[in-house]
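J.: Starting off with a structure, shown below.
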Amino acid sequence: MGEVRIGTSGWVYSPWRGVFYPKGVTQKRELAYLSEQFGSVEINGSFYSLQRPSSYQKWAADTPDDFVFSVKGSRFITHMKRLKDGNELLANYLASGVLALGPKLGPILWQLPATLRFDADLLTSFFEGLPRTTTEAAEVAKRHDHRVDPAHTTTDAERPMRYALEVRHDSYNTPEFVDLLRRHDIALVVADAAGKYPLIEEVTSDFVYVRLHGHDELYVSGYTDEGLDQWAEKVRAWRKQGDVFVYFDNDAKAYAPRDAKALQDRLAD
């Protein structure tokens with residue numbers, strides 16, 4: 001039986017203040033408060049820009065010992081370079097402080113742009129360049145360039161590295177893509193995105209990674225009781241095969257933490 005971790009995609013949202021975050025919880029304490037409610041969270045600032053080692057160290061220090069962060073991969077790699085020149089850019093990304101999370105480092109999420117079609121050769125090249133342990137990741141990080149300063153290029157222990165891939169083009173809805181992920185032990189993100197992007201429910205690794213962006217309206221709509229019941233049943237089935245990570249990305253009106261709590265309660269038995 002796998003472990004289930006439920007959380008939100010990010011935690012710094014002004015509409016959550018006074019709704020999810022009680023009055024008196026300062027912005028500096030928001031992560032600490034959220035980590036008391038959930039077992040995990042996605043770091044999505046790492047998608048937009050390279051973070052600093054001190055930020056990762058602070059996030060780790062602000063959360064309980066058993067808390068886990070999923071970290072979103074750089075859009076410079078996925079969207080701007082479109083997975084090309086990945087080895088050089090990956091060194092900078094890893095050196096920016098990801099390994100400073102230590103035992104709290106969970107899966108790294110790579111989200112592909114909606115305009116990037118399925119290309120088996122491109123994906124294979126990218127997957128083969130991903131380090132599979134934190135020790136390997138530290139070695140890759142040492143190849144960073146001048147754009148990362150200060151850099152974090154060490155690990156406190158050797159641990160497996162996990163990766164998940166979220167796709168947004170219909171060309172990925174093919175058995176060839178699923179087989180490719182399984183060969184490289186990459187989890188296919190189960191993404192509920194109001195029908196805008198593919199929803200493919202295939203288990204391709206020893207864990208399942210779910211992103212719930214809003215069933216009716218992307219990033220905006222909350223989930224109904226019936227919808228949450230359905231997702232709870234799916235999670236129960238998946239955890240028989242391995243760990244499950246579920247993140248709510250419908251951040252408008254503080255729906256994400258509300259729905260995350262409701263799903264967590266359903267799975268508490």
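Naming works like this for the structure tokens: A, B, ... for the chains as they're shown, residue 1 at the start of each chain, ligands 1 onward in shown order.
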So which bits of range 45-138 of chain A end up alpha helix (DSSP H) when you DSSP the backbone, as a PyMOL selection string?

T.: chain A and resi 45-48+53-61+75+86-95+120-128+134-138

J.: Considering only C-alpha atoms, return as number ranges by chain whatever protein or nucleic-acid residues lie within 10 Å of Phe76 in chain A, sequence-local ones (same chain, fewer than 5 positions apart) excluded.

T.: A: 47-50, 81-83, 86, 89-90, 93

J.: Could you write out the selected residues, including N, CA, C and O atoms, as a JSON list (two decimals), in the first residue's frame?

T.:
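Written file, out36.json:
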[["chain", "number", "residue", "atom", "x", "y", "z"],
["A", 47, "PHE", "N", 9.36, 27.16, -11.60],
["A", 47, "PHE", "CA", 8.99, 27.10, -13.00],
["A", 47, "PHE", "C", 9.30, 28.42, -13.71],
["A", 47, "PHE", "O", 9.77, 28.44, -14.85],
["A", 48, "TYR", "N", 9.08, 29.51, -13.01],
["A", 48, "TYR", "CA", 9.20, 30.83, -13.61],
["A", 48, "TYR", "C", 10.62, 31.37, -13.59],
["A", 48, "TYR", "O", 11.03, 32.12, -14.49],
["A", 49, "SER", "N", 11.38, 31.01, -12.58],
["A", 49, "SER", "CA", 12.76, 31.50, -12.49],
["A", 49, "SER", "C", 13.55, 30.60, -11.54],
["A", 49, "SER", "O", 12.98, 29.90, -10.70],
["A", 50, "LEU", "N", 14.88, 30.65, -11.68],
["A", 50, "LEU", "CA", 15.73, 29.90, -10.76],
["A", 50, "LEU", "C", 15.62, 30.51, -9.38],
["A", 50, "LEU", "O", 15.75, 31.72, -9.21],
["A", 81, "LYS", "N", 13.33, 26.46, -24.43],
["A", 81, "LYS", "CA", 14.23, 25.58, -25.18],
["A", 81, "LYS", "C", 13.53, 24.32, -25.67],
["A", 81, "LYS", "O", 14.10, 23.57, -26.46],
["A", 82, "ARG", "N", 12.32, 24.08, -25.18],
["A", 82, "ARG", "CA", 11.49, 22.96, -25.64],
["A", 82, "ARG", "C", 12.26, 21.63, -25.58],
["A", 82, "ARG", "O", 12.27, 20.85, -26.50],
["A", 83, "LEU", "N", 12.91, 21.43, -24.42],
["A", 83, "LEU", "CA", 13.64, 20.22, -24.06],
["A", 83, "LEU", "C", 14.96, 20.04, -24.81],
["A", 83, "LEU", "O", 15.63, 19.03, -24.64],
["A", 86, "GLY", "N", 19.06, 20.35, -23.02],
["A", 86, "GLY", "CA", 18.59, 20.09, -21.67],
["A", 86, "GLY", "C", 19.69, 19.84, -20.65],
["A", 86, "GLY", "O", 19.56, 20.23, -19.49],
["A", 89, "LEU", "N", 21.22, 23.18, -19.26],
["A", 89, "LEU", "CA", 20.23, 23.93, -18.49],
["A", 89, "LEU", "C", 19.84, 23.18, -17.21],
["A", 89, "LEU", "O", 19.55, 23.80, -16.20],
["A", 90, "LEU", "N", 19.83, 21.86, -17.29],
["A", 90, "LEU", "CA", 19.48, 21.06, -16.12],
["A", 90, "LEU", "C", 20.48, 21.28, -15.00],
["A", 90, "LEU", "O", 20.11, 21.31, -13.82],
["A", 93, "TYR", "N", 19.53, 24.41, -13.21],
["A", 93, "TYR", "CA", 18.30, 24.21, -12.43],
["A", 93, "TYR", "C", 18.59, 23.46, -11.13],
["A", 93, "TYR", "O", 18.17, 23.87, -10.04]]

J.: From the options A:Val208, A:Leu112, A:Met80, A:Ala151, which residue's atoms come nearest to His169 in chain A, counting only C-alpha atoms?

T.: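 Of the candidates, the smallest distance to His169 in chain A is held by A:Leu112.
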
J.: Neighbouring residues of Glu3 in chain A were defined as those with any atom within 8 Å, considering only C-alpha atoms; residues of the same chain fewer than 5 positions away were excluded. Please report them as an MDAnalysis selection string.

T.: chainID A and resid 239 242:244

J.: Generate a file of the selected residues that holds all heavy atoms, formatted as a PDB file, in the first residue's frame.

T.:
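To be explicit, this is the file written out as selection.pdb:
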ATOM      1  N   ARG A 239      -3.293   3.843  -4.849  1.00  0.00           N
ATOM      2  CA  ARG A 239      -2.369   3.627  -3.730  1.00  0.00           C
ATOM      3  C   ARG A 239      -2.124   2.152  -3.466  1.00  0.00           C
ATOM      4  O   ARG A 239      -1.190   1.805  -2.744  1.00  0.00           O
ATOM      5  CB  ARG A 239      -2.884   4.328  -2.474  1.00  0.00           C
ATOM      6  CG  ARG A 239      -4.083   3.707  -1.807  1.00  0.00           C
ATOM      7  CD  ARG A 239      -4.475   4.503  -0.570  1.00  0.00           C
ATOM      8  NE  ARG A 239      -5.687   4.000   0.051  1.00  0.00           N
ATOM      9  CZ  ARG A 239      -6.325   4.602   1.056  1.00  0.00           C
ATOM     10  NH1 ARG A 239      -5.859   5.738   1.539  1.00  0.00           N
ATOM     11  NH2 ARG A 239      -7.413   4.091   1.565  1.00  0.00           N
ATOM     12  N   GLY A 242       1.168   1.976  -5.410  1.00  0.00           N
ATOM     13  CA  GLY A 242       2.311   2.793  -5.024  1.00  0.00           C
ATOM     14  C   GLY A 242       1.875   4.119  -4.433  1.00  0.00           C
ATOM     15  O   GLY A 242       0.699   4.329  -4.122  1.00  0.00           O
ATOM     16  N   ASP A 243       2.821   5.023  -4.274  1.00  0.00           N
ATOM     17  CA  ASP A 243       2.531   6.330  -3.693  1.00  0.00           C
ATOM     18  C   ASP A 243       1.688   7.169  -4.650  1.00  0.00           C
ATOM     19  O   ASP A 243       1.750   7.008  -5.877  1.00  0.00           O
ATOM     20  CB  ASP A 243       3.830   7.085  -3.391  1.00  0.00           C
ATOM     21  CG  ASP A 243       4.678   6.393  -2.340  1.00  0.00           C
ATOM     22  OD1 ASP A 243       4.139   5.570  -1.574  1.00  0.00           O
ATOM     23  OD2 ASP A 243       5.892   6.665  -2.288  1.00  0.00           O
ATOM     24  N   VAL A 244       0.929   8.094  -4.067  1.00  0.00           N
ATOM     25  CA  VAL A 244       0.083   8.986  -4.861  1.00  0.00           C
ATOM     26  C   VAL A 244       0.266  10.419  -4.354  1.00  0.00           C
ATOM     27  O   VAL A 244       0.178  10.674  -3.145  1.00  0.00           O
ATOM     28  CB  VAL A 244      -1.411   8.601  -4.773  1.00  0.00           C
ATOM     29  CG1 VAL A 244      -2.233   9.473  -5.719  1.00  0.00           C
ATOM     30  CG2 VAL A 244      -1.627   7.123  -5.082  1.00  0.00           C
TER      31      VAL A 244
END

J.: Out of A:Val71, A:Val41, A:Val178, A:Ile108, which residue has the shortest atom-to-atom distance to Pro257 in chain A when counting only C-alpha atoms?

T.: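 Result for the nearest residue to Pro257 in chain A: A:Val41.
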
J.: Excluding range 155-167 of chain A and its own-chain neighbours fewer than 6 positions away, which residues fall within 9 Å of it when counting only C-alpha atoms? Please give them as a count of residues only.

T.: 41

J.: How would you write, as a PyMOL selection string, the set of residues in range 71-161 of chain A that DSSP gives as strand (DSSP E or B)?

T.: chain A and resi 71-72+105-111+133+160

J.: So which one's closest to Ser221 in chain A, A:Ala237, A:Val246, A:Ala252, A:Val203? Using only C-alpha atoms, please.

T.: A:Ala252

J.: Which value, in Å to one decimal, gives the distance between CA of Trp231 in chain A and CA of Gln264 in chain A?

T.: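 About the pair CA of Trp231 in chain A and CA of Gln264 in chain A: they are 10.7 Å apart.
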
J.: Counting only C-alpha atoms, what is within 7 Å of range 212-214 of chain A, bar same-chain residues fewer than 4 positions away, as a ChimeraX atom specification?

T.: /A:191-194,218-223,247-250

J.: Pick the closest to Leu123 in chain A from A:Asp145, A:Val140, A:Thr153, A:Lys84: which is it, counting only C-alpha atoms?

T.: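 Smallest distance to Leu123 in chain A is found for A:Lys84.
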
J.: Kindly give the distance, in Å, that separates CA of Glu42 in chain A and CA of His184 in chain A, rounded to a single decimal.

T.: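 If I compute the distance from CA of Glu42 in chain A to CA of His184 in chain A, I get 22.7 Å.
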
J.: Might you pull out every residue within 10 Å of Asp65 in chain A, with only C-alpha atoms counted and same-chain residues fewer than 4 positions away left off, and present them as a ChimeraX atom specification?

T.: /A:60-61,103-104

J.: With a cut-off of 12 Å, could you pull out the residues of range 57-100 of chain A touching range 8-27 of chain A and give me the nearest pair of atoms for each, distance in Å to one decimal, using only C-alpha atoms, ordered by chain and ascending number, as CSV?

T.:
residue,atom,partner,partner_atom,distance
A:Trp59,CA,A:Trp11,CA,11.4
A:Val68,CA,A:Thr8,CA,11.9
A:Phe69,CA,A:Gly10,CA,10.1
A:Ser70,CA,A:Ser9,CA,9.1
A:Val71,CA,A:Ser9,CA,9.8
A:Lys72,CA,A:Ser9,CA,9.5

J.: With distances taken over only C-alpha atoms, which of A:Ser46, A:Glu30, A:Arg5, A:Leu94 is nearest to Gly73 in chain A?

T.: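 Looking at the shortest contact to Gly73 in chain A, the residue is A:Ser46.
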
J.: Extract, using only C-alpha atoms, all DNA, RNA and protein residues at most 6 Å from range 34-37 of chain A, discarding same-chain residues fewer than 2 positions from it, and format them as a PyMOL selection string.

T.: chain A and resi 31-32+63

J.: Generate a file of the selected residues that holds N, CA, C and O atoms, formatted as a CSV table (one decimal), in the first residue's frame.

T.:
chain,number,residue,atom,x,y,z
A,31,LEU,N,3.5,29.2,4.6
A,31,LEU,CA,3.9,27.9,4.3
A,31,LEU,C,3.9,27.0,5.5
A,31,LEU,O,3.4,25.9,5.5
A,32,ALA,N,4.3,27.5,6.7
A,32,ALA,CA,4.3,26.8,7.9
A,32,ALA,C,2.8,26.4,8.3
A,32,ALA,O,2.6,25.3,8.7
A,63,THR,N,8.9,23.6,7.6
A,63,THR,CA,7.9,22.6,7.5
A,63,THR,C,8.3,21.4,8.4
A,63,THR,O,9.4,21.2,8.7
